[in-house]
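This report refers to the structure that appears directly beneath it.
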Amino acid sequence: MAVKNATHPYYPRSLVIPHYKPNDKNAFELVGVFFGIVGVFIVATWWVSGRVKPRLSLPRRIVICWFVSCGLIHGILEGYFSFFHATLVGEMDFLAQMWKEYGRGDSRYISSDTFTVCMERITAMVDGPLAFLAALSFLQHGSYRYVLQLLLSLFQLYGDVLYFLTEIFEGFSHGEYLHPQYFWFYFVFLNSIWIVVPLSLIFDSCFQLAKCQEKYDSESKQNKNKKLK
(Lines give C-alpha, C1' and ligand atoms only; values in the text may rest on other atoms or scores of the structure.)
Protein backbone atom coordinates (compact mmCIF):
# COMPACT_ATOMS: atom_id res chain seq x y z
CA MET A 1 0.00 0.00 0.00
CA ALA A 2 2.88 2.36 0.74
CA VAL A 3 3.98 2.09 -2.87
CA LYS A 4 0.56 2.85 -4.29
CA ASN A 5 -0.06 5.74 -1.91
CA ALA A 6 3.38 7.35 -2.19
CA THR A 7 2.95 11.12 -2.36
CA HIS A 8 6.61 11.93 -3.00
CA PRO A 9 9.04 11.44 -5.92
CA TYR A 10 11.72 9.51 -4.01
CA TYR A 11 13.03 5.96 -4.22
CA PRO A 12 12.39 3.38 -2.99
CA ARG A 13 8.72 4.12 -3.64
CA SER A 14 7.86 2.40 -0.35
CA LEU A 15 9.64 5.19 1.56
CA VAL A 16 7.23 6.84 3.99
CA ILE A 17 7.67 10.62 4.33
CA PRO A 18 4.55 12.00 6.05
CA HIS A 19 5.88 15.57 6.43
CA TYR A 20 7.00 15.96 2.79
CA LYS A 21 6.19 19.23 1.01
CA PRO A 22 6.91 19.53 -2.74
CA ASN A 23 9.24 22.31 -3.91
CA ASP A 24 7.77 25.48 -5.37
CA LYS A 25 11.02 26.10 -7.31
CA ASN A 26 12.03 23.97 -10.27
CA ALA A 27 15.39 22.27 -10.74
CA PHE A 28 16.63 24.92 -13.19
CA GLU A 29 16.03 27.72 -10.67
CA LEU A 30 17.66 25.87 -7.80
CA VAL A 31 20.71 24.60 -9.68
CA GLY A 32 21.10 27.91 -11.54
CA VAL A 33 21.07 30.02 -8.38
CA PHE A 34 23.40 27.61 -6.61
CA PHE A 35 26.02 27.56 -9.35
CA GLY A 36 25.57 31.30 -9.81
CA ILE A 37 26.45 31.96 -6.16
CA VAL A 38 29.44 29.62 -6.30
CA GLY A 39 30.52 31.31 -9.53
CA VAL A 40 30.46 34.75 -7.89
CA PHE A 41 32.75 33.52 -5.10
CA ILE A 42 35.09 31.89 -7.63
CA VAL A 43 35.39 35.15 -9.57
CA ALA A 44 35.97 37.09 -6.32
CA THR A 45 38.59 34.57 -5.19
CA TRP A 46 40.32 34.74 -8.56
CA TRP A 47 40.48 38.54 -8.32
CA VAL A 48 41.74 38.51 -4.72
CA SER A 49 44.39 35.88 -5.45
CA GLY A 50 45.66 37.96 -8.36
CA ARG A 51 45.94 41.04 -6.15
CA VAL A 52 47.45 39.34 -3.11
CA LYS A 53 49.85 37.09 -5.04
CA PRO A 54 50.40 38.55 -8.53
CA ARG A 55 53.08 35.97 -9.35
CA LEU A 56 50.94 33.00 -8.33
CA SER A 57 50.77 30.47 -11.16
CA LEU A 58 47.53 29.78 -13.02
CA PRO A 59 47.15 26.22 -11.64
CA ARG A 60 47.61 27.45 -8.05
CA ARG A 61 45.00 30.16 -8.48
CA ILE A 62 42.59 27.54 -9.80
CA VAL A 63 43.33 25.35 -6.77
CA ILE A 64 42.63 28.26 -4.41
CA CYS A 65 39.30 28.81 -6.13
CA TRP A 66 38.59 25.10 -5.70
CA PHE A 67 39.33 25.32 -1.96
CA VAL A 68 37.03 28.31 -1.49
CA SER A 69 34.25 26.57 -3.43
CA CYS A 70 34.69 23.48 -1.25
CA GLY A 71 34.61 25.58 1.90
CA LEU A 72 31.30 27.14 0.85
CA ILE A 73 29.70 23.85 -0.18
CA HIS A 74 30.97 21.88 2.82
CA GLY A 75 30.31 24.59 5.38
CA ILE A 76 27.01 26.04 4.20
CA LEU A 77 25.18 23.48 2.04
CA GLU A 78 26.35 20.35 3.82
CA GLY A 79 26.38 22.15 7.15
CA TYR A 80 22.69 22.92 6.66
CA PHE A 81 21.97 19.25 6.03
CA SER A 82 23.90 18.26 9.14
CA PHE A 83 21.67 20.37 11.35
CA PHE A 84 18.29 20.10 9.60
CA HIS A 85 18.34 16.66 7.93
CA ALA A 86 15.37 15.44 9.96
CA THR A 87 13.03 18.29 9.02
CA LEU A 88 14.26 19.73 5.69
CA VAL A 89 11.88 17.59 3.63
CA GLY A 90 9.00 19.61 5.06
CA GLU A 91 10.67 23.03 4.79
CA MET A 92 10.52 25.53 1.92
CA ASP A 93 13.64 27.66 2.35
CA PHE A 94 16.18 27.63 -0.49
CA LEU A 95 18.68 25.19 1.03
CA ALA A 96 15.94 22.76 2.03
CA GLN A 97 14.61 22.82 -1.53
CA MET A 98 18.14 22.26 -2.82
CA TRP A 99 18.40 19.09 -0.77
CA LYS A 100 14.93 17.94 -1.72
CA GLU A 101 15.88 18.33 -5.36
CA TYR A 102 19.20 16.52 -4.89
CA GLY A 103 17.34 13.80 -2.99
CA ARG A 104 15.76 12.80 -6.28
CA GLY A 105 19.14 11.24 -7.05
CA ASP A 106 19.82 9.91 -3.55
CA SER A 107 16.97 9.65 -1.04
CA ARG A 108 19.38 8.92 1.80
CA TYR A 109 19.42 12.70 2.22
CA ILE A 110 15.66 12.63 2.65
CA SER A 111 15.42 9.69 5.05
CA SER A 112 18.28 10.83 7.34
CA ASP A 113 20.35 7.76 6.58
CA THR A 114 22.83 7.19 9.43
CA PHE A 115 25.94 6.95 7.26
CA THR A 116 24.99 10.02 5.23
CA VAL A 117 24.31 12.17 8.29
CA CYS A 118 27.58 11.16 9.97
CA MET A 119 29.59 11.65 6.78
CA GLU A 120 28.11 15.10 6.11
CA ARG A 121 28.68 16.25 9.68
CA ILE A 122 32.34 15.33 9.46
CA THR A 123 32.56 16.99 6.06
CA ALA A 124 30.94 20.19 7.30
CA MET A 125 32.89 20.45 10.55
CA VAL A 126 36.30 19.23 9.33
CA ASP A 127 36.55 19.59 5.55
CA GLY A 128 34.86 22.99 5.44
CA PRO A 129 37.29 24.80 7.77
CA LEU A 130 40.24 22.88 6.28
CA ALA A 131 39.30 24.10 2.79
CA PHE A 132 39.32 27.76 3.83
CA LEU A 133 42.54 27.25 5.79
CA ALA A 134 44.18 25.62 2.76
CA ALA A 135 43.14 28.54 0.53
CA LEU A 136 44.56 31.00 3.04
CA SER A 137 47.81 29.06 3.36
CA PHE A 138 48.41 29.25 -0.40
CA LEU A 139 47.66 32.96 -0.45
CA GLN A 140 50.16 33.45 2.39
CA HIS A 141 52.65 30.99 0.92
CA GLY A 142 52.54 29.07 4.19
CA SER A 143 54.99 26.25 4.75
CA TYR A 144 52.13 23.92 5.68
CA ARG A 145 50.09 24.53 2.50
CA TYR A 146 50.74 21.16 0.84
CA VAL A 147 50.15 19.32 4.10
CA LEU A 148 46.71 20.95 4.33
CA GLN A 149 46.04 20.20 0.68
CA LEU A 150 46.94 16.55 1.25
CA LEU A 151 44.82 16.20 4.40
CA LEU A 152 41.76 17.86 2.88
CA SER A 153 41.99 15.87 -0.35
CA LEU A 154 42.38 12.57 1.52
CA PHE A 155 39.30 13.32 3.63
CA GLN A 156 37.28 14.27 0.56
CA LEU A 157 38.38 11.24 -1.43
CA TYR A 158 37.78 8.80 1.42
CA GLY A 159 34.32 10.17 2.15
CA ASP A 160 33.27 10.16 -1.49
CA VAL A 161 34.55 6.64 -2.12
CA LEU A 162 32.53 5.40 0.86
CA TYR A 163 29.53 7.37 -0.39
CA PHE A 164 29.64 5.61 -3.77
CA LEU A 165 30.46 2.16 -2.39
CA THR A 166 27.63 2.11 0.15
CA GLU A 167 25.12 2.93 -2.57
CA ILE A 168 26.61 0.33 -4.92
CA PHE A 169 26.31 -2.33 -2.21
CA GLU A 170 22.69 -1.32 -1.68
CA GLY A 171 21.94 -1.78 -5.36
CA PHE A 172 21.37 1.88 -6.30
CA SER A 173 18.06 1.67 -4.49
CA HIS A 174 17.81 5.33 -3.44
CA GLY A 175 17.21 6.95 -6.80
CA GLU A 176 15.82 6.35 -10.27
CA TYR A 177 18.59 4.16 -11.70
CA LEU A 178 20.19 5.46 -14.92
CA HIS A 179 17.97 8.55 -15.05
CA PRO A 180 19.94 11.18 -17.06
CA GLN A 181 19.42 13.98 -14.53
CA TYR A 182 18.96 12.32 -11.15
CA PHE A 183 21.37 9.43 -11.54
CA TRP A 184 23.98 10.52 -14.08
CA PHE A 185 24.15 14.24 -13.28
CA TYR A 186 23.24 14.54 -9.58
CA PHE A 187 24.57 11.25 -8.24
CA VAL A 188 27.42 10.30 -10.59
CA PHE A 189 28.78 13.48 -12.17
CA LEU A 190 28.55 15.93 -9.26
CA ASN A 191 30.06 13.47 -6.80
CA SER A 192 32.74 12.29 -9.22
CA ILE A 193 34.22 15.78 -9.09
CA TRP A 194 35.22 15.03 -5.49
CA ILE A 195 36.99 11.90 -6.71
CA VAL A 196 38.92 13.34 -9.65
CA VAL A 197 40.06 16.67 -8.17
CA PRO A 198 41.13 15.42 -4.71
CA LEU A 199 42.97 12.50 -6.32
CA SER A 200 44.96 14.86 -8.55
CA LEU A 201 45.72 17.13 -5.59
CA ILE A 202 46.91 14.15 -3.53
CA PHE A 203 49.44 13.32 -6.25
CA ASP A 204 50.44 16.98 -6.43
CA SER A 205 50.92 17.19 -2.65
CA CYS A 206 53.00 14.02 -2.57
CA PHE A 207 55.18 15.29 -5.41
CA GLN A 208 55.74 18.69 -3.75
CA LEU A 209 56.44 17.20 -0.31
CA ALA A 210 58.81 14.61 -1.81
CA LYS A 211 60.75 17.42 -3.52
CA CYS A 212 61.04 19.26 -0.20
CA GLN A 213 62.27 16.11 1.53
CA GLU A 214 64.78 15.47 -1.24
CA LYS A 215 66.11 19.01 -0.96
CA TYR A 216 66.31 18.75 2.83
CA ASP A 217 68.18 15.44 2.63
CA SER A 218 70.59 16.88 0.08
CA GLU A 219 71.32 19.96 2.20
CA SER A 220 71.71 17.83 5.33
CA LYS A 221 74.25 15.63 3.55
CA GLN A 222 76.19 18.66 2.32
CA ASN A 223 76.26 20.19 5.82
CA LYS A 224 77.44 16.88 7.25
CA ASN A 225 80.23 16.64 4.70
CA LYS A 226 81.33 20.21 5.51
CA LYS A 227 81.56 19.38 9.21
CA LEU A 228 83.66 16.31 8.48
CA LYS A 229 86.14 18.50 6.59
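Every chain in the C-alpha coordinates has a letter given in the order shown (A, B, ...), and although residue numbers restart at 1 in each chain, ligands are simply numbered from 1 in the order shown.
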Residues of range 30-120 of chain A at most 8 Å from range 186-201 of chain A: nearest atom pair and distance in Å, only C-alpha atoms, as CSV:
```
residue,atom,partner,partner_atom,distance
A:Tyr102,CA,A:Tyr186,CA,6.5
A:Gly105,CA,A:Phe187,CA,5.6
A:Asp106,CA,A:Phe187,CA,6.8
```
Q | DSSP alpha helix (DSSP H) residues within range 42-220 of chain A, listed as an NGL selection string | A | :A and (42-52 or 58-72 or 78-84 or 94-102 or 114-122 or 128-139 or 145-169 or 190-220)
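Restricting the calculation to only C-alpha atoms, the smallest distance between Gly79 in chain A and any of A:Arg121, A:Arg145, A:Lys215, A:Arg13 is found for A:Arg121.
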Using only C-alpha atoms, which residues of range 60-81 of chain A come within 7 Å of range 35-52 of chain A, and what is the closest atom pair for each, with the distance in Å to one decimal? Give it as JSON lines, sorted by chain and residue number.
```
{"residue": "A:Arg61", "atom": "CA", "partner": "A:Ser49", "partner_atom": "CA", "distance": 6.5}
{"residue": "A:Cys65", "atom": "CA", "partner": "A:Ile42", "partner_atom": "CA", "distance": 5.4}
{"residue": "A:Ser69", "atom": "CA", "partner": "A:Val38", "partner_atom": "CA", "distance": 6.4}
```
